[in-house]
Structures are given as structure tokens and as C-alpha cells.
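Raw input37.txt, compact mmCIF, C-alpha atoms and all ligand atoms:
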```
# COMPACT_ATOMS: atom_id res chain seq x y z
CA MET A 30 -82.09 -109.23 63.45
CA SER A 31 -78.85 -110.80 64.63
CA VAL A 32 -79.03 -112.61 67.97
CA VAL A 33 -76.24 -111.79 70.42
CA SER A 34 -74.70 -114.96 71.85
CA ASN A 35 -71.64 -113.66 73.70
CA ILE A 36 -71.21 -110.65 75.97
CA THR A 37 -69.04 -109.51 78.85
CA VAL A 38 -70.43 -107.48 81.74
CA LYS A 39 -68.05 -105.58 84.03
CA VAL A 40 -69.42 -104.63 87.45
CA PRO A 41 -67.72 -102.55 90.18
CA GLY A 42 -67.37 -103.61 93.79
CA THR A 43 -69.03 -101.29 96.30
CA THR A 44 -68.82 -100.03 99.85
CA ALA A 45 -72.14 -99.73 101.67
CA ASN A 46 -73.33 -97.79 104.74
CA LEU A 47 -70.44 -95.27 105.00
CA GLY A 48 -71.06 -95.22 108.77
CA PRO A 49 -74.48 -93.68 109.49
CA GLY A 50 -76.16 -94.67 106.19
CA PHE A 51 -76.98 -98.27 107.13
CA ASP A 52 -78.81 -100.08 104.30
CA CYS A 53 -79.44 -96.90 102.28
CA ILE A 54 -76.17 -95.39 100.94
CA GLY A 55 -73.28 -96.92 99.01
CA ALA A 56 -70.52 -96.05 96.57
CA ALA A 57 -69.02 -97.91 93.61
CA LEU A 58 -65.24 -98.43 93.71
CA LYS A 59 -62.64 -98.87 90.98
CA LEU A 60 -62.41 -102.60 91.71
CA TYR A 61 -64.16 -104.95 89.29
CA ASN A 62 -65.56 -108.38 88.53
CA GLU A 63 -66.04 -109.38 84.89
CA PHE A 64 -68.59 -111.91 83.70
CA ASN A 65 -68.51 -113.37 80.19
CA PHE A 66 -71.67 -115.13 78.96
CA THR A 67 -71.77 -117.45 75.93
CA THR A 68 -75.03 -119.13 75.05
CA LEU A 69 -74.83 -122.90 74.48
CA ASP A 70 -77.07 -124.17 71.68
CA ALA A 71 -76.98 -127.67 73.15
CA GLY A 72 -78.19 -126.37 76.55
CA GLY A 73 -76.56 -126.91 79.94
CA LEU A 74 -74.52 -124.83 82.36
CA ILE A 75 -70.77 -124.33 82.54
CA ILE A 76 -69.28 -121.96 85.10
CA GLN A 77 -65.55 -121.24 85.26
CA ALA A 78 -63.87 -118.79 87.62
CA SER A 79 -60.44 -117.19 87.61
CA GLY A 80 -58.77 -114.43 89.62
CA ILE A 81 -58.61 -113.86 93.36
CA GLU A 82 -60.22 -116.59 95.48
CA ALA A 83 -61.68 -118.25 92.37
CA ALA A 84 -61.56 -121.68 94.04
CA LYS A 85 -64.33 -120.55 96.44
CA VAL A 86 -66.86 -119.82 93.66
CA GLN A 87 -69.80 -122.24 93.30
CA THR A 88 -69.85 -123.66 89.78
CA ASP A 89 -73.33 -125.23 89.75
CA GLU A 90 -76.95 -123.97 89.81
CA THR A 91 -76.41 -122.54 93.31
CA ASN A 92 -74.07 -119.87 91.90
CA LEU A 93 -75.60 -116.46 92.72
CA LEU A 94 -74.70 -115.00 89.32
CA TYR A 95 -76.51 -117.88 87.61
CA GLN A 96 -79.49 -117.53 89.97
CA ALA A 97 -79.78 -113.86 88.97
CA PHE A 98 -79.48 -114.85 85.31
CA VAL A 99 -82.37 -117.34 85.70
CA LYS A 100 -84.40 -114.83 87.75
CA LEU A 101 -84.48 -112.39 84.88
CA TYR A 102 -85.72 -115.03 82.45
CA GLN A 103 -88.38 -116.13 84.97
CA HIS A 104 -89.44 -112.50 85.32
CA ILE A 105 -89.96 -112.16 81.55
CA LYS A 106 -91.56 -115.63 81.45
CA LYS A 107 -88.98 -117.17 79.13
CA THR A 108 -86.79 -120.24 79.43
CA PRO A 109 -83.14 -119.34 80.06
CA PRO A 110 -80.74 -120.54 77.36
CA GLY A 111 -77.91 -122.98 78.02
CA ILE A 112 -75.03 -120.82 79.15
CA LYS A 113 -71.28 -120.82 79.73
CA ILE A 114 -70.23 -118.20 82.28
CA GLU A 115 -66.61 -117.19 82.74
CA ILE A 116 -66.03 -115.20 85.91
CA LYS A 117 -62.94 -113.01 86.37
CA LEU A 118 -62.79 -112.00 90.01
CA GLY A 119 -61.20 -108.77 91.19
CA VAL A 120 -63.51 -108.20 94.19
CA PRO A 121 -62.65 -110.43 97.17
CA LEU A 122 -65.51 -112.59 98.51
CA ALA A 123 -67.28 -112.05 101.85
CA ARG A 124 -65.24 -108.97 102.76
CA GLY A 125 -67.89 -106.22 102.70
CA LEU A 126 -67.04 -105.02 99.20
CA GLY A 127 -70.25 -106.00 97.42
CA SER A 128 -69.12 -109.21 95.72
CA SER A 129 -72.69 -110.61 95.97
CA ALA A 130 -74.07 -107.42 94.46
CA THR A 131 -71.67 -107.73 91.49
CA ALA A 132 -73.02 -111.25 90.91
CA ILE A 133 -76.68 -110.19 91.13
CA VAL A 134 -76.19 -107.15 88.91
CA GLY A 135 -73.92 -109.04 86.48
CA GLY A 136 -76.39 -111.93 86.12
CA LEU A 137 -79.40 -109.66 85.59
CA VAL A 138 -77.65 -107.27 83.18
CA GLY A 139 -76.14 -110.16 81.20
CA ALA A 140 -79.46 -111.99 80.92
CA ASN A 141 -81.36 -108.84 80.03
CA TYR A 142 -78.96 -108.06 77.21
CA LEU A 143 -78.97 -111.62 75.83
CA ALA A 144 -82.79 -111.61 75.99
CA GLY A 145 -82.91 -108.50 73.77
CA SER A 146 -83.17 -105.90 76.60
CA PRO A 147 -86.85 -106.38 77.53
CA LEU A 148 -86.36 -104.64 80.90
CA SER A 149 -85.40 -101.01 81.51
CA GLU A 150 -82.47 -100.15 83.78
CA LEU A 151 -84.99 -99.20 86.48
CA GLU A 152 -86.70 -102.59 86.25
CA VAL A 153 -83.34 -104.37 86.43
CA MET A 154 -82.50 -102.27 89.49
CA GLU A 155 -85.76 -103.20 91.23
CA LEU A 156 -85.14 -106.90 90.59
CA ALA A 157 -81.59 -106.52 91.94
CA ILE A 158 -82.81 -104.82 95.13
CA ALA A 159 -85.44 -107.53 95.64
CA MET A 160 -82.80 -110.25 95.27
CA GLU A 161 -80.25 -108.61 97.60
CA GLY A 162 -82.83 -107.45 100.16
CA HIS A 163 -81.36 -103.95 100.51
CA PRO A 164 -80.32 -101.36 97.93
CA ASP A 165 -77.00 -99.97 99.14
CA ASN A 166 -74.67 -102.32 97.20
CA VAL A 167 -76.67 -103.20 94.09
CA VAL A 168 -77.67 -99.62 93.22
CA PRO A 169 -74.13 -98.19 92.96
CA ALA A 170 -72.94 -101.47 91.37
CA LEU A 171 -75.50 -100.92 88.61
CA LEU A 172 -75.33 -97.12 88.28
CA GLY A 173 -71.87 -96.15 89.58
CA GLY A 174 -70.98 -93.23 91.85
CA CYS A 175 -72.26 -92.70 95.37
CA ARG A 176 -76.02 -93.31 95.65
CA LEU A 177 -78.71 -92.93 98.27
CA ALA A 178 -81.83 -95.08 97.90
CA ALA A 179 -85.15 -94.36 99.59
CA THR A 180 -88.52 -96.04 99.16
CA SER A 181 -91.37 -94.07 97.63
CA SER A 182 -95.07 -94.88 97.23
CA THR A 183 -94.29 -96.33 93.79
CA GLY A 184 -90.92 -98.01 94.37
CA TRP A 185 -87.54 -96.40 94.87
CA GLU A 186 -86.07 -92.92 94.60
CA ILE A 187 -82.37 -92.98 93.81
CA CYS A 188 -80.28 -89.92 94.42
CA ASP A 189 -76.68 -89.37 93.31
CA ILE A 190 -74.55 -87.98 96.11
CA PRO A 191 -71.90 -85.39 95.22
CA TRP A 192 -68.43 -86.54 96.34
CA HIS A 193 -65.65 -83.96 96.58
CA ARG A 194 -62.72 -85.00 94.39
CA ASP A 195 -60.14 -84.66 97.19
CA ILE A 196 -61.89 -87.19 99.45
CA VAL A 197 -60.30 -90.62 99.01
CA PRO A 198 -61.58 -93.91 100.47
CA VAL A 199 -58.70 -95.99 101.85
CA ILE A 200 -59.84 -99.61 101.83
CA ALA A 201 -58.20 -102.09 104.22
CA ILE A 202 -59.11 -105.70 103.37
CA PRO A 203 -58.06 -108.30 105.98
CA ASN A 204 -57.26 -111.90 105.14
CA PHE A 205 -60.34 -113.25 106.98
CA GLU A 206 -63.99 -113.39 105.93
CA LEU A 207 -67.21 -112.33 107.64
CA SER A 208 -70.55 -113.43 106.23
CA THR A 209 -73.19 -110.74 105.80
CA ALA A 210 -75.75 -113.08 107.39
CA GLU A 211 -73.63 -113.37 110.53
CA ALA A 212 -72.96 -109.61 110.63
CA ARG A 213 -76.72 -108.93 110.36
CA ARG A 214 -77.62 -111.51 113.00
CA VAL A 215 -75.86 -109.49 115.73
CA LEU A 216 -77.94 -106.36 115.06
CA PRO A 217 -80.89 -105.42 117.28
CA THR A 218 -84.30 -105.43 115.60
CA GLU A 219 -85.41 -102.27 117.42
CA ILE A 220 -83.59 -99.05 118.27
CA SER A 221 -84.23 -96.11 120.57
CA ARG A 222 -85.47 -92.71 119.40
CA ARG A 223 -82.16 -91.25 120.59
CA ASP A 224 -80.19 -93.59 118.29
CA ALA A 225 -82.53 -92.86 115.37
CA ILE A 226 -81.96 -89.12 115.79
CA PHE A 227 -78.22 -89.69 116.09
CA ASN A 228 -78.10 -91.49 112.74
CA ILE A 229 -80.45 -89.12 110.89
CA SER A 230 -78.35 -86.12 111.93
CA HIS A 231 -75.04 -87.79 111.15
CA LEU A 232 -76.17 -89.00 107.73
CA GLY A 233 -77.28 -85.45 106.87
CA LEU A 234 -73.90 -84.16 108.01
CA LEU A 235 -72.12 -86.84 105.98
CA LEU A 236 -73.90 -85.82 102.78
CA ARG A 237 -72.80 -82.20 103.24
CA GLY A 238 -69.31 -83.31 104.29
CA LEU A 239 -68.90 -85.46 101.18
CA ALA A 240 -69.92 -82.56 98.97
CA THR A 241 -67.63 -80.02 100.60
CA ASN A 242 -64.65 -81.95 102.07
CA ARG A 243 -65.14 -79.88 105.22
CA GLU A 244 -62.92 -81.43 107.85
CA GLU A 245 -64.95 -80.89 111.02
CA TRP A 246 -68.17 -82.15 109.40
CA LEU A 247 -66.55 -85.33 108.08
CA LYS A 248 -64.79 -86.00 111.39
CA ALA A 249 -68.14 -85.98 113.20
CA ALA A 250 -70.25 -87.53 110.44
CA LEU A 251 -68.82 -91.03 110.23
CA GLN A 252 -70.26 -92.14 113.56
CA ASP A 253 -73.17 -94.54 113.74
CA LYS A 254 -75.41 -96.22 116.31
CA LEU A 255 -77.30 -98.73 114.16
CA HIS A 256 -74.76 -101.35 113.19
CA GLN A 257 -71.10 -100.58 113.86
CA PRO A 258 -71.17 -100.80 117.68
CA TYR A 259 -72.59 -104.34 117.36
CA ARG A 260 -70.25 -105.49 114.60
CA GLN A 261 -66.90 -104.17 115.84
CA THR A 262 -66.29 -107.19 118.04
CA LEU A 263 -66.57 -109.48 114.99
CA ILE A 264 -63.55 -107.76 113.42
CA ALA A 265 -60.22 -108.56 115.06
CA GLY A 266 -58.04 -105.47 115.41
CA TYR A 267 -60.87 -102.97 114.76
CA GLU A 268 -59.89 -100.58 117.57
CA SER A 269 -56.18 -100.55 116.65
CA VAL A 270 -56.78 -99.97 112.95
CA ASN A 271 -59.28 -97.21 113.74
CA GLU A 272 -56.86 -95.46 116.09
CA ALA A 273 -53.98 -95.79 113.61
CA ALA A 274 -56.05 -94.38 110.73
CA ILE A 275 -57.19 -91.38 112.77
CA ASN A 276 -53.70 -90.70 114.15
CA ALA A 277 -52.40 -90.72 110.56
CA GLY A 278 -54.91 -88.03 109.60
CA ALA A 279 -58.06 -89.83 108.44
CA TYR A 280 -61.36 -88.05 109.03
CA GLY A 281 -62.68 -91.30 110.46
CA MET A 282 -63.03 -95.00 109.81
CA VAL A 283 -66.09 -97.15 109.17
CA ILE A 284 -66.91 -100.78 108.46
CA SER A 285 -67.28 -101.29 104.71
CA GLY A 286 -70.71 -102.89 104.24
CA ALA A 287 -71.09 -105.73 106.69
CA GLY A 288 -67.28 -105.97 107.07
CA PRO A 289 -64.67 -107.12 107.76
CA THR A 290 -63.06 -104.61 105.36
CA LEU A 291 -62.46 -101.26 107.06
CA LEU A 292 -62.67 -97.98 105.18
CA ALA A 293 -61.07 -94.68 106.15
CA LEU A 294 -62.12 -91.46 104.49
CA VAL A 295 -59.15 -89.15 104.03
CA ASP A 296 -58.11 -86.00 102.26
CA ILE A 297 -55.96 -86.99 99.29
CA THR A 298 -52.86 -85.49 100.92
CA LYS A 299 -53.12 -88.03 103.78
CA ALA A 300 -53.91 -91.14 101.74
CA LYS A 301 -50.41 -92.69 101.73
CA SER A 302 -49.77 -92.23 105.45
CA VAL A 303 -53.21 -93.63 106.33
CA GLU A 304 -52.59 -96.68 104.08
CA THR A 305 -49.31 -97.39 105.89
CA ALA A 306 -50.81 -96.87 109.35
CA MET A 307 -53.73 -99.24 108.73
CA THR A 308 -51.47 -101.93 107.25
CA ASN A 309 -49.09 -101.74 110.20
CA ALA A 310 -51.86 -101.75 112.80
CA TRP A 311 -53.26 -105.01 111.46
CA MET A 312 -49.78 -106.44 111.00
CA ALA A 313 -49.11 -105.79 114.70
CA LYS A 314 -52.09 -108.08 115.41
CA ARG A 315 -50.61 -110.70 113.03
CA ILE A 316 -53.32 -110.04 110.45
CA ASN A 317 -52.29 -109.62 106.84
CA SER A 318 -54.27 -107.15 104.80
CA ILE A 319 -54.37 -105.46 101.43
CA VAL A 320 -54.72 -101.71 101.88
CA ARG A 321 -55.35 -99.44 98.90
CA SER A 322 -56.69 -96.00 98.12
CA LEU A 323 -59.46 -96.53 95.60
CA ARG A 324 -61.30 -93.87 93.63
CA LEU A 325 -65.02 -94.01 92.98
CA ASP A 326 -66.23 -95.76 89.82
CA THR A 327 -68.63 -93.47 87.99
CA GLN A 328 -70.01 -95.83 85.34
CA GLY A 329 -71.48 -98.77 87.20
CA ALA A 330 -72.16 -101.98 85.28
CA VAL A 331 -71.05 -101.82 81.65
CA ILE A 332 -71.36 -104.22 78.76
CA LEU A 333 -67.96 -104.49 77.12
N1 LIG A 401 -76.10 -102.66 104.36
C1 LIG A 401 -75.69 -104.03 104.38
C2 LIG A 401 -75.23 -104.41 105.77
C3 LIG A 401 -74.54 -104.20 103.41
O1 LIG A 401 -74.52 -103.62 106.37
O2 LIG A 401 -75.60 -105.47 106.26
C4 LIG A 401 -74.06 -105.61 103.30
O3 LIG A 401 -74.68 -106.29 102.27
```

Rewrite the structure of this file - the entire thing - as C-alpha cells.
Ligand code: HSE
Amino acid sequence: MSVVSNITVKVPGTTANLGPGFDCIGAALKLYNEFNFTTLDAGGLIIQASGIEAAKVQTDETNLLYQAFVKLYQHIKKTPPGIKIEIKLGVPLARGLGSSATAIVGGLVGANYLAGSPLSELEVMELAIAMEGHPDNVVPALLGGCRLAATSSTGWEICDIPWHRDIVPVIAIPNFELSTAEARRVLPTEISRRDAIFNISHLGLLLRGLATNREEWLKAALQDKLHQPYRQTLIAGYESVNEAAINAGAYGMVISGAGPTLLALVDITKAKSVETAMTNAWMAKRINSIVRSLRLDTQGAVIL
């Protein structure tokens, strides 16, 4: 049997929460990180990064991708090989687009393949969720599409969420960062029954809205009481960008993951005008941003 010593794993960025689905729903986007792994017979670790914001990537044992790589070998009770990892970044860091999830999924998938695929996709997914602490980025990063994750008595149930082809996410990425840890610190640990009911009903409405592209459902569905009211103040210009997106015809706007990226859901016919409105609203606050309509990735992590 030949031993594979070089592979490339491509993993999509993701948007989590989609408003009312805090910590349980997320979608993969056509925005990618690529990770090339080459085993080193002499042992050791070499990490090189290129692409957007590459200078910010840790290149020692603290690198999250490498930690995920080692985690898989620990899980199968084997010693990880010496490894050279080349990272090509397309997903900006600390912007709420699942860059950490791409690293966790990339490291686990790469290690699993180099180890001869001892773990099933489900087992890799469970390890990824345990590492990230919540499923809403790592699940779509691994599987693609829009996914809902719920715990069951034996682990996780993962459900693919139908997404009408005319609904386009417009992603507005500002030029400042927000750490997930900070954006989670501001959240209350307990919520009222009224807020729980609000989110349950709006998430149900969102799922039907995504399947049907029905305007009035989507306009109501993107509201949330669990995280967005507490996080808005961490994102300069939130109110203006929200107002501009809605005035330009978006169904609504949400915080992508823990932010600071903002995401408007729009009918395809409105995508260009919403892109322009969001860009200009942030510009008026002297904040540069990259605003793009991105389709959903349907494949998830792939080995090239
Ligand atoms: N659901 C997570 C959050 C996504 O909003 O904190 C970020 O990792």
C-alpha cells in the first residue's frame, strides 16, 4: 500500500447564527482557505502562510490548524508525523466568517487522510464540534450547504436546510476585527421565557422563509433576542449599515457569526443595490469594507 505524504484540503468559510439560530445554524460560503500538508521524514514543524492577512497567522505549535492536526493523532493514539503546512488564506481572520472553523476542519481532515482515514466523517465532525465548542461553523465547513445541528441522546443530529436559489447573502466585511471570545463575553448567561419563545418562533419562520423565499416571512424572521442586541454596540456603524441595507431592499441584516461582518439576505434582483448601500453606509462612518454577494458552497471540505 502506498503511503500518502502530500495532500491539500480546501475548506469553505461560513456564516453562523443567521439571526435567530444562535449556536445551532450556519451556512458554508464560496470563500475558501486551502491547507497543503507534506509529511517530513526528519520530523519537525514548518508552517507557512500566504494570502490575505497571512502575517497574522501563528507559525508555531500554537497554530489552531496544527493543534487540530495533533488532536486527531492523539484521538487515534498515534504520534503525529513531522509536517510542513502551507496555508493559503481567502477567509479573513476574526471577522465572523468561520476562519477558526476552517482551521479545525482542515487540520482534522488533513490528519485523518494522512493517517489512512481511520475516522468516519461523523467522527471527524464530532471532534471538530468538541474543539470549537459549538457546531454552527464547523458543521457547514465540513459538509457544505446550510446546516442545523441539534444534540440527541447519542450525539448530534445534523439537518440540511433547503435554501431557495434566489436568496443571496450579501457579506459586508469591515476592516476591523472582533474576537469571538469578546463577542461571547457580552452575552447574558440566562434569558427570559419570552425571549426563548421569540427565538424559537423566528428560527422556525426563518427555515420556512429560506425554503420559499417568501418576502414577509424573511423580513420578520431575521430578528433575534439572544445575541445580536448585546453585540451591536461592539460593531461601529451597525445601525447605519442595517438601515441602508433595508432601504435598498434587503429582507433584513444580521451579524455574521460573532461579527463584525454583517450579512444581509436579499432577493437576487436586489443584490447589487444592497452591496452599494452597505459599502456607502460604512464609508460614511470612515470604515472601509469589502462587500460581496456570495453564493452557498455545497461541498464543504474537499481533498484536492
Ligand atoms: N455561534 C457563534 C457565536 C459563532 O455567535 O458566538 C462564532 O463562532

query = What do you get as a VMD selection string if you pick all residues at most 6 Å from ligand LIG 401 (chain A), counting all atoms listed in the file?
reply = chain A and resid 45 to 46 51 to 52 165 209 213 286 to 287

message = Within 12 Å of (-87.6, -111.5, 86.6) (file coordinates; all atoms listed in the file), which protein or nucleic acid residues are there? I'd like them as a ChimeraX atom specification.
response = /A:96-109,133,136-138,140-141,144,147-149,152-160

request  = Would you mind telling me which residue in A:Leu323, A:Ile112, A:Ala310, A:Leu263 lies nearest to Val197 of chain A when using only C-alpha atoms?
outcome  = A:Leu323

message = Can you measure atom CA of Gln252 of chain A to atom CA of Cys175 of chain A for me? One decimal in Å is fine.
response =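 Computed distance, atom CA of Gln252 of chain A to atom CA of Cys175 of chain A, equals 18.3 Å.
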
Around (-84.1, -93.5, 98.9) in the file's own coordinates, what residues are found within 9 Å if you use only C-alpha atoms, given back as a short mmCIF file (atom, residue, chain, number, x, y, z; two decimals) with C-alpha atoms, keeping the file's coordinate frame?
```
data_model
loop_
_atom_site.label_atom_id
_atom_site.label_comp_id
_atom_site.auth_asym_id
_atom_site.auth_seq_id
_atom_site.Cartn_x
_atom_site.Cartn_y
_atom_site.Cartn_z
CA CYS A 53 -79.44 -96.90 102.28
CA ILE A 54 -76.17 -95.39 100.94
CA PRO A 164 -80.32 -101.36 97.93
CA ARG A 176 -76.02 -93.31 95.65
CA LEU A 177 -78.71 -92.93 98.27
CA ALA A 178 -81.83 -95.08 97.90
CA ALA A 179 -85.15 -94.36 99.59
CA THR A 180 -88.52 -96.04 99.16
CA SER A 181 -91.37 -94.07 97.63
CA TRP A 185 -87.54 -96.40 94.87
CA GLU A 186 -86.07 -92.92 94.60
CA ILE A 187 -82.37 -92.98 93.81
CA CYS A 188 -80.28 -89.92 94.42
#
```

query = Which one is closest to Pro169 of chain A: A:Thr131, A:Glu211, A:Ile316, A:Asp195? Count all atoms listed in the file.
reply = A:Thr131

request  = Find, counting all atoms listed in the file, the residue in A:Gly111, A:Gly288, A:Pro49, A:Pro203 that gets nearest to His231 of chain A.
outcome  =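 Answer, going by the shortest atom-to-atom distance: A:Pro49.
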
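Minimum atom-to-atom distance to Ala130 of chain A, evaluated using all atoms listed in the file, belongs to A:Gly42 out of A:Ala212, A:Ile229, A:Leu118, A:Gly42.
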
ask   = A:Ala201, A:Ala83, A:Ile75, A:Leu207: which is nearest Thr262 of chain A, counting all atoms listed in the file?
value = A:Leu207

Excluding same-chain residues fewer than 5 positions from Pro198 of chain A, what lies within 7 Å of it counting only C-alpha atoms, as a PDB file with C-alpha atoms, in the coordinates of the input?
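Listing of part-v5.pdb after writing:
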```
ATOM      1  CA  LEU A 292     -62.670 -97.980 105.180  1.00  0.00           C
ATOM      2  CA  ALA A 293     -61.070 -94.680 106.150  1.00  0.00           C
ATOM      3  CA  LEU A 294     -62.120 -91.460 104.490  1.00  0.00           C
ATOM      4  CA  VAL A 295     -59.150 -89.150 104.030  1.00  0.00           C
ATOM      5  CA  SER A 322     -56.690 -96.000  98.120  1.00  0.00           C
ATOM      6  CA  LEU A 323     -59.460 -96.530  95.600  1.00  0.00           C
ATOM      7  CA  ARG A 324     -61.300 -93.870  93.630  1.00  0.00           C
TER       8      ARG A 324
END
```

request  = Measuring atom to atom with only C-alpha atoms, identify which of A:Val167, A:Leu239, A:Ile116, A:Ala84 is nearest to Ser129 of chain A.
outcome  =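 The closest residue to Ser129 of chain A is A:Val167.
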
Listed atoms of segment 267-284 of chain A, axis-aligned box, 4 Å per side: centre and edge lengths to one decimal in Å, as JSON?
```
{"center_x": -59.7, "center_y": -95.5, "center_z": 113.0, "size_x": 22.5, "size_y": 22.9, "size_z": 17.1}
```

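Look at segment 279-284 of chain A: the protein and nucleic acid residues within 7 Å of it, using only C-alpha atoms and passing over chain neighbours fewer than 3 places away, are Leu47, Gly48, Glu244, Leu247, Lys248, Leu251, Gln257, Asn271, Ala274, Ile275, Ala287, Gly288, Pro289, Thr290, Leu291, Leu292, Ala293, Leu294, Val295 and Val303 of chain A.
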
message = Please compute the atom CA of Gly125 of chain A-atom CA of Ile200 of chain A distance, one decimal, in Å.
response =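 Computing the Euclidean distance for atom CA of Gly125 of chain A and atom CA of Ile200 of chain A yields 10.5 Å.
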
key: Distance of atom CA of Thr68 of chain A from atom CA of Thr88 of chain A, expressed in Å to one decimal place   =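 Rounded to one decimal, the two atoms are 16.3 Å apart.
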
message = I want to know what sits within 9 Å of Ala240 of chain A, based on only C-alpha atoms, with residues of the same chain fewer than 3 positions away left out; could you give that as a list of chain:residue names?
response =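 My reading of the contact set: A:Ile190, A:Pro191, A:Trp192, A:His193, A:Arg194, A:Leu235, A:Leu236, A:Arg237, A:Arg243.
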